[in-house]
Amino acid sequence: RYLQGVGMEAVAEHGRTLVRYALHELAQIDGLTIYGPRERGPIVAFTLEGISPSKVAALLGRQGIVIRAGLHNAQPLHQYLSLAATARVSFYLYNAEHEIDTLADALVTLVAKAAGRK
C-alpha cells in the first residue's frame with residue numbers, strides 16, 4: 001500500500017535521480033572505475049585501484065556503509081571484463097543524495113590511505 005501511495009513511477013524516478021548523482025560523484029574519484037552503461041537501474045558496480053572489492057565492502061561496513069562485493073550473479077560478465085569481482089552499491093526509495101556524499105567521501109579516504117601505503 002505504501003508504494004502504491006508513493007507511486008511506482010515516483011519510485012523509479014527517485015532511483016534514476018540517485019544513480020545519476022552517484023555516477024557523477026563517483027566518477028570524480030581517482031582510481032575508481034565504474035562498470036556498466038550510463039543509462040541503468042539504481043545500481044553501480046565499481047572497483048578501486050589497489051583495494052579488493054571485498055576489502056572495500058569490509059572497510060565501508062565498519063563505517064556503517066553497506067555495499068556488496070563479489071560476482072553479483074554475473075560471473076560470465078566478470079570473466080569477460082577480466083575482473084575477479086566488483087563492489088556494488090544500490091539505491092531505493094529510502095536513500096538520499098547525502099548518503100551518496102557519505103559513500104564518496106569514504107571512498108576518497110580509502111583511496112588516500114591505499115596510496116599512502118605504496
# chains A, B, ... in the order shown; residues from 1 in each chain; ligands from 1

$ select_by_dssp --residues "region 32-90 of chain A" --states "strand (DSSP E)" --output "PyMOL selection string"
chain A and resi 32-35+43-48+68-70+86-90

$ closest_atom_pairs --of "region 69-109 of chain A" --to "region 57-65 of chain A" --cutoff "8 Å" --atoms "only C-alpha atoms" --output "CSV"
residue,atom,partner,partner_atom,distance
A:Ala69,CA,A:Ala57,CA,6.2
A:Ala87,CA,A:Ala57,CA,7.0
A:Leu103,CA,A:Ile65,CA,7.0
A:Ala106,CA,A:Leu60,CA,7.1

$ write_last_selection --atoms "N, CA and C atoms" --output "PDB file, in the first residue's frame"
ATOM      1  N   ALA A  69      30.042  -7.001  -2.406  1.00  0.00           N
ATOM      2  CA  ALA A  69      31.229  -7.280  -3.214  1.00  0.00           C
ATOM      3  C   ALA A  69      31.137  -8.715  -3.704  1.00  0.00           C
ATOM      4  N   ALA A  87      32.706  -4.220  -6.558  1.00  0.00           N
ATOM      5  CA  ALA A  87      31.892  -3.709  -5.455  1.00  0.00           C
ATOM      6  C   ALA A  87      30.615  -3.178  -6.087  1.00  0.00           C
ATOM      7  N   LEU A 103      29.199   8.080   1.062  1.00  0.00           N
ATOM      8  CA  LEU A 103      29.900   6.997   0.370  1.00  0.00           C
ATOM      9  C   LEU A 103      31.105   7.535  -0.387  1.00  0.00           C
ATOM     10  N   ALA A 106      33.923   8.528   1.911  1.00  0.00           N
ATOM     11  CA  ALA A 106      34.584   7.350   2.469  1.00  0.00           C
ATOM     12  C   ALA A 106      35.491   6.683   1.435  1.00  0.00           C
TER      13      ALA A 106
END

$ residues_around --residues "Leu71 (chain A)" --least-positions-apart "5" --cutoff "9 Å" --atoms "only C-alpha atoms" --output "number ranges by chain"
A: 76-78, 83-87

$ residues_around --residues "Thr102 (chain A)" --least-positions-apart "5" --cutoff "12 Å" --atoms "only C-alpha atoms" --output "compact mmCIF listing (two decimals) with N, CA and C atoms, in the first residue's frame"
# COMPACT_ATOMS: atom_id res chain seq x y z
N ALA A 22 25.00 9.59 -8.20
CA ALA A 22 26.09 8.70 -7.80
C ALA A 22 27.14 8.56 -8.90
N GLU A 25 29.24 11.72 -8.93
CA GLU A 25 30.13 11.85 -7.77
C GLU A 25 31.24 10.80 -7.79
N LEU A 26 30.90 9.57 -8.08
CA LEU A 26 31.90 8.50 -8.06
C LEU A 26 32.91 8.64 -9.19
N LEU A 60 34.14 -0.17 4.38
CA LEU A 60 32.96 0.70 4.40
C LEU A 60 31.96 0.22 5.45
N GLN A 63 32.13 1.57 8.78
CA GLN A 63 31.64 2.94 8.90
C GLN A 63 30.12 3.00 8.76
N GLY A 64 29.48 1.84 8.72
CA GLY A 64 28.03 1.80 8.60
C GLY A 64 27.52 1.98 7.18
N ILE A 65 28.41 1.85 6.21
CA ILE A 65 28.04 1.96 4.80
C ILE A 65 28.00 0.55 4.23
N VAL A 66 26.82 0.10 3.85
CA VAL A 66 26.64 -1.28 3.41
C VAL A 66 26.62 -1.34 1.89
N ASN A 95 16.79 5.91 0.20
CA ASN A 95 18.11 6.53 0.11
C ASN A 95 18.01 7.98 -0.33
N ALA A 96 19.06 8.75 0.00
CA ALA A 96 19.09 10.18 -0.32
C ALA A 96 20.49 10.56 -0.80
N GLU A 97 20.59 11.72 -1.45
CA GLU A 97 21.87 12.17 -2.01
C GLU A 97 22.95 12.30 -0.94
N LEU A 107 35.05 6.63 0.19
CA LEU A 107 35.88 6.04 -0.87
C LEU A 107 37.12 6.88 -1.13
N VAL A 108 36.99 8.19 -1.11
CA VAL A 108 38.16 9.07 -1.27
C VAL A 108 39.17 8.80 -0.16
N THR A 109 38.69 8.63 1.06
CA THR A 109 39.56 8.33 2.18
C THR A 109 40.27 6.99 1.99

$ atom_distance --atom1 "CA of Phe91 (chain A)" --atom2 "CA of His24 (chain A)"
14.7 Å

$ select_by_dssp --residues "region 3-117 of chain A" --states "alpha helix (DSSP H)" --output "MDAnalysis selection string"
chainID A and resid 3:6 8:26 53:61 75:80 97:116

$ write_last_selection --atoms "C-alpha atoms" --output "PDB file, in the first residue's frame"
ATOM      1  CA  LEU A   3       4.380   2.067  -2.595  1.00  0.00           C
ATOM      2  CA  GLN A   4       1.004   2.472  -4.271  1.00  0.00           C
ATOM      3  CA  GLY A   5       0.600   5.724  -2.363  1.00  0.00           C
ATOM      4  CA  VAL A   6       4.004   6.962  -3.437  1.00  0.00           C
ATOM      5  CA  MET A   8       5.845   3.364  -8.780  1.00  0.00           C
ATOM      6  CA  GLU A   9       6.828   5.992 -11.342  1.00  0.00           C
ATOM      7  CA  ALA A  10       7.928   8.270  -8.480  1.00  0.00           C
ATOM      8  CA  VAL A  11       9.945   5.394  -7.010  1.00  0.00           C
ATOM      9  CA  ALA A  12      11.588   4.759 -10.390  1.00  0.00           C
ATOM     10  CA  GLU A  13      12.338   8.458 -10.926  1.00  0.00           C
ATOM     11  CA  HIS A  14      13.908   8.720  -7.475  1.00  0.00           C
ATOM     12  CA  GLY A  15      16.167   5.778  -8.367  1.00  0.00           C
ATOM     13  CA  ARG A  16      17.141   7.392 -11.671  1.00  0.00           C
ATOM     14  CA  THR A  17      17.930  10.666  -9.895  1.00  0.00           C
ATOM     15  CA  LEU A  18      20.091   8.952  -7.295  1.00  0.00           C
ATOM     16  CA  VAL A  19      22.016   6.835  -9.789  1.00  0.00           C
ATOM     17  CA  ARG A  20      22.754   9.885 -11.976  1.00  0.00           C
ATOM     18  CA  TYR A  21      24.037  11.719  -8.907  1.00  0.00           C
ATOM     19  CA  ALA A  22      26.092   8.705  -7.798  1.00  0.00           C
ATOM     20  CA  LEU A  23      27.640   8.252 -11.240  1.00  0.00           C
ATOM     21  CA  HIS A  24      28.652  11.910 -11.280  1.00  0.00           C
ATOM     22  CA  GLU A  25      30.128  11.849  -7.772  1.00  0.00           C
ATOM     23  CA  LEU A  26      31.903   8.504  -8.060  1.00  0.00           C
ATOM     24  CA  PRO A  53      36.148  -5.217  -3.639  1.00  0.00           C
ATOM     25  CA  SER A  54      35.743  -7.415  -0.553  1.00  0.00           C
ATOM     26  CA  LYS A  55      38.145  -5.177   1.372  1.00  0.00           C
ATOM     27  CA  VAL A  56      36.263  -2.083   0.173  1.00  0.00           C
ATOM     28  CA  ALA A  57      32.996  -3.602   1.411  1.00  0.00           C
ATOM     29  CA  ALA A  58      34.518  -4.564   4.765  1.00  0.00           C
ATOM     30  CA  LEU A  59      36.123  -1.167   5.358  1.00  0.00           C
ATOM     31  CA  LEU A  60      32.963   0.699   4.402  1.00  0.00           C
ATOM     32  CA  GLY A  61      30.916  -1.659   6.570  1.00  0.00           C
ATOM     33  CA  GLN A  75      30.246 -14.452 -13.390  1.00  0.00           C
ATOM     34  CA  PRO A  76      30.378 -14.587 -17.218  1.00  0.00           C
ATOM     35  CA  LEU A  77      30.397 -10.790 -17.383  1.00  0.00           C
ATOM     36  CA  HIS A  78      33.159 -10.554 -14.800  1.00  0.00           C
ATOM     37  CA  GLN A  79      35.181 -13.124 -16.751  1.00  0.00           C
ATOM     38  CA  TYR A  80      34.608 -11.167 -19.968  1.00  0.00           C
ATOM     39  CA  GLU A  97      21.870  12.167  -2.005  1.00  0.00           C
ATOM     40  CA  HIS A  98      23.611  12.897   1.302  1.00  0.00           C
ATOM     41  CA  GLU A  99      24.202   9.137   1.668  1.00  0.00           C
ATOM     42  CA  ILE A 100      25.940   9.123  -1.708  1.00  0.00           C
ATOM     43  CA  ASP A 101      28.083  12.020  -0.482  1.00  0.00           C
ATOM     44  CA  THR A 102      28.992   9.956   2.593  1.00  0.00           C
ATOM     45  CA  LEU A 103      29.900   6.997   0.370  1.00  0.00           C
ATOM     46  CA  ALA A 104      32.006   9.153  -1.956  1.00  0.00           C
ATOM     47  CA  ASP A 105      33.854  10.767   0.966  1.00  0.00           C
ATOM     48  CA  ALA A 106      34.584   7.350   2.469  1.00  0.00           C
ATOM     49  CA  LEU A 107      35.878   6.043  -0.868  1.00  0.00           C
ATOM     50  CA  VAL A 108      38.157   9.071  -1.271  1.00  0.00           C
ATOM     51  CA  THR A 109      39.564   8.333   2.184  1.00  0.00           C
ATOM     52  CA  LEU A 110      40.159   4.680   1.255  1.00  0.00           C
ATOM     53  CA  VAL A 111      41.989   5.717  -1.910  1.00  0.00           C
ATOM     54  CA  ALA A 112      44.164   8.162   0.047  1.00  0.00           C
ATOM     55  CA  LYS A 113      45.029   5.539   2.665  1.00  0.00           C
ATOM     56  CA  ALA A 114      45.849   2.972  -0.033  1.00  0.00           C
ATOM     57  CA  ALA A 115      48.080   5.498  -1.818  1.00  0.00           C
ATOM     58  CA  GLY A 116      49.897   6.189   1.447  1.00  0.00           C
TER      59      GLY A 116
END

$ residues_around --residues "Glu49 (chain A)" --least-positions-apart "4" --cutoff "8 Å" --atoms "only C-alpha atoms" --output "list in words"
Gly31, Leu32, Thr33 and Val111 of chain A

$ write_last_selection --atoms "N, CA and C atoms" --output "compact mmCIF listing (two decimals), in the first residue's frame"
# COMPACT_ATOMS: atom_id res chain seq x y z
N GLY A 31 41.21 6.58 -9.29
CA GLY A 31 41.39 5.16 -9.06
C GLY A 31 40.11 4.35 -9.01
N LEU A 32 38.96 5.00 -9.16
CA LEU A 32 37.68 4.29 -9.15
C LEU A 32 37.22 4.10 -10.58
N THR A 33 36.88 2.87 -10.93
CA THR A 33 36.36 2.55 -12.26
C THR A 33 34.92 2.08 -12.12
N VAL A 111 40.99 5.53 -0.85
CA VAL A 111 41.99 5.72 -1.91
C VAL A 111 43.24 6.40 -1.34

$ atom_distance --atom1 "CA of Tyr92 (chain A)" --atom2 "CA of Asp30 (chain A)"
26.1 Å

$ atom_distance --atom1 "CA of Ala27 (chain A)" --atom2 "CA of Phe46 (chain A)"
10.0 Å

$ closest_residue --among "A:Ile29, A:Leu48, A:Val89, A:Leu81" --to "Ile67 (chain A)" --atoms "only C-alpha atoms"
A:Val89

$ decode --residues "region 39-64 of chain A" --atoms "N, CA and C atoms" --output "PDB file, in the first residue's frame"
ATOM      1  N   GLU A  39      23.008   4.778 -18.866  1.00  0.00           N
ATOM      2  CA  GLU A  39      21.592   4.616 -18.510  1.00  0.00           C
ATOM      3  C   GLU A  39      21.439   3.245 -17.862  1.00  0.00           C
ATOM      4  N   ARG A  40      20.961   3.213 -16.638  1.00  0.00           N
ATOM      5  CA  ARG A  40      20.912   1.974 -15.870  1.00  0.00           C
ATOM      6  C   ARG A  40      19.872   2.081 -14.778  1.00  0.00           C
ATOM      7  N   GLY A  41      19.624   0.958 -14.144  1.00  0.00           N
ATOM      8  CA  GLY A  41      18.812   0.958 -12.938  1.00  0.00           C
ATOM      9  C   GLY A  41      19.624   1.545 -11.792  1.00  0.00           C
ATOM     10  N   PRO A  42      19.064   1.589 -10.595  1.00  0.00           N
ATOM     11  CA  PRO A  42      19.739   2.241  -9.471  1.00  0.00           C
ATOM     12  C   PRO A  42      20.822   1.377  -8.825  1.00  0.00           C
ATOM     13  N   ILE A  43      21.753   0.911  -9.643  1.00  0.00           N
ATOM     14  CA  ILE A  43      22.853   0.062  -9.186  1.00  0.00           C
ATOM     15  C   ILE A  43      24.136   0.537  -9.858  1.00  0.00           C
ATOM     16  N   VAL A  44      25.221   0.616  -9.078  1.00  0.00           N
ATOM     17  CA  VAL A  44      26.522   0.991  -9.630  1.00  0.00           C
ATOM     18  C   VAL A  44      27.555  -0.040  -9.180  1.00  0.00           C
ATOM     19  N   ALA A  45      28.192  -0.688 -10.146  1.00  0.00           N
ATOM     20  CA  ALA A  45      29.294  -1.610  -9.871  1.00  0.00           C
ATOM     21  C   ALA A  45      30.597  -0.867 -10.140  1.00  0.00           C
ATOM     22  N   PHE A  46      31.587  -1.097  -9.268  1.00  0.00           N
ATOM     23  CA  PHE A  46      32.846  -0.367  -9.413  1.00  0.00           C
ATOM     24  C   PHE A  46      33.993  -1.147  -8.790  1.00  0.00           C
ATOM     25  N   THR A  47      35.204  -0.728  -9.129  1.00  0.00           N
ATOM     26  CA  THR A  47      36.410  -1.213  -8.469  1.00  0.00           C
ATOM     27  C   THR A  47      37.235  -0.007  -8.061  1.00  0.00           C
ATOM     28  N   LEU A  48      38.054  -0.217  -7.040  1.00  0.00           N
ATOM     29  CA  LEU A  48      39.018   0.791  -6.601  1.00  0.00           C
ATOM     30  C   LEU A  48      40.409   0.222  -6.822  1.00  0.00           C
ATOM     31  N   GLU A  49      41.235   0.960  -7.510  1.00  0.00           N
ATOM     32  CA  GLU A  49      42.592   0.511  -7.800  1.00  0.00           C
ATOM     33  C   GLU A  49      43.344   0.217  -6.506  1.00  0.00           C
ATOM     34  N   GLY A  50      43.911  -0.982  -6.435  1.00  0.00           N
ATOM     35  CA  GLY A  50      44.750  -1.336  -5.301  1.00  0.00           C
ATOM     36  C   GLY A  50      44.017  -1.843  -4.072  1.00  0.00           C
ATOM     37  N   ILE A  51      42.689  -1.920  -4.119  1.00  0.00           N
ATOM     38  CA  ILE A  51      41.913  -2.416  -2.977  1.00  0.00           C
ATOM     39  C   ILE A  51      40.884  -3.408  -3.506  1.00  0.00           C
ATOM     40  N   SER A  52      40.892  -4.606  -2.992  1.00  0.00           N
ATOM     41  CA  SER A  52      39.935  -5.602  -3.471  1.00  0.00           C
ATOM     42  C   SER A  52      38.510  -5.181  -3.114  1.00  0.00           C
ATOM     43  N   PRO A  53      37.538  -5.552  -3.948  1.00  0.00           N
ATOM     44  CA  PRO A  53      36.148  -5.217  -3.639  1.00  0.00           C
ATOM     45  C   PRO A  53      35.695  -5.723  -2.267  1.00  0.00           C
ATOM     46  N   SER A  54      36.146  -6.907  -1.870  1.00  0.00           N
ATOM     47  CA  SER A  54      35.743  -7.415  -0.553  1.00  0.00           C
ATOM     48  C   SER A  54      36.325  -6.562   0.569  1.00  0.00           C
ATOM     49  N   LYS A  55      37.536  -6.069   0.374  1.00  0.00           N
ATOM     50  CA  LYS A  55      38.145  -5.177   1.372  1.00  0.00           C
ATOM     51  C   LYS A  55      37.410  -3.839   1.400  1.00  0.00           C
ATOM     52  N   VAL A  56      37.042  -3.324   0.237  1.00  0.00           N
ATOM     53  CA  VAL A  56      36.263  -2.083   0.173  1.00  0.00           C
ATOM     54  C   VAL A  56      34.965  -2.255   0.955  1.00  0.00           C
ATOM     55  N   ALA A  57      34.265  -3.358   0.715  1.00  0.00           N
ATOM     56  CA  ALA A  57      32.996  -3.602   1.411  1.00  0.00           C
ATOM     57  C   ALA A  57      33.204  -3.707   2.919  1.00  0.00           C
ATOM     58  N   ALA A  58      34.253  -4.401   3.332  1.00  0.00           N
ATOM     59  CA  ALA A  58      34.518  -4.564   4.765  1.00  0.00           C
ATOM     60  C   ALA A  58      34.861  -3.231   5.425  1.00  0.00           C
ATOM     61  N   LEU A  59      35.725  -2.452   4.780  1.00  0.00           N
ATOM     62  CA  LEU A  59      36.123  -1.167   5.358  1.00  0.00           C
ATOM     63  C   LEU A  59      34.957  -0.188   5.417  1.00  0.00           C
ATOM     64  N   LEU A  60      34.142  -0.169   4.376  1.00  0.00           N
ATOM     65  CA  LEU A  60      32.963   0.699   4.402  1.00  0.00           C
ATOM     66  C   LEU A  60      31.962   0.215   5.447  1.00  0.00           C
ATOM     67  N   GLY A  61      31.830  -1.098   5.580  1.00  0.00           N
ATOM     68  CA  GLY A  61      30.916  -1.659   6.570  1.00  0.00           C
ATOM     69  C   GLY A  61      31.246  -1.215   7.978  1.00  0.00           C
ATOM     70  N   ARG A  62      32.521  -1.058   8.277  1.00  0.00           N
ATOM     71  CA  ARG A  62      32.937  -0.567   9.602  1.00  0.00           C
ATOM     72  C   ARG A  62      32.447   0.853   9.861  1.00  0.00           C
ATOM     73  N   GLN A  63      32.135   1.566   8.777  1.00  0.00           N
ATOM     74  CA  GLN A  63      31.635   2.939   8.897  1.00  0.00           C
ATOM     75  C   GLN A  63      30.115   3.002   8.764  1.00  0.00           C
ATOM     76  N   GLY A  64      29.483   1.842   8.720  1.00  0.00           N
ATOM     77  CA  GLY A  64      28.031   1.802   8.598  1.00  0.00           C
ATOM     78  C   GLY A  64      27.525   1.981   7.181  1.00  0.00           C
TER      79      GLY A  64
END
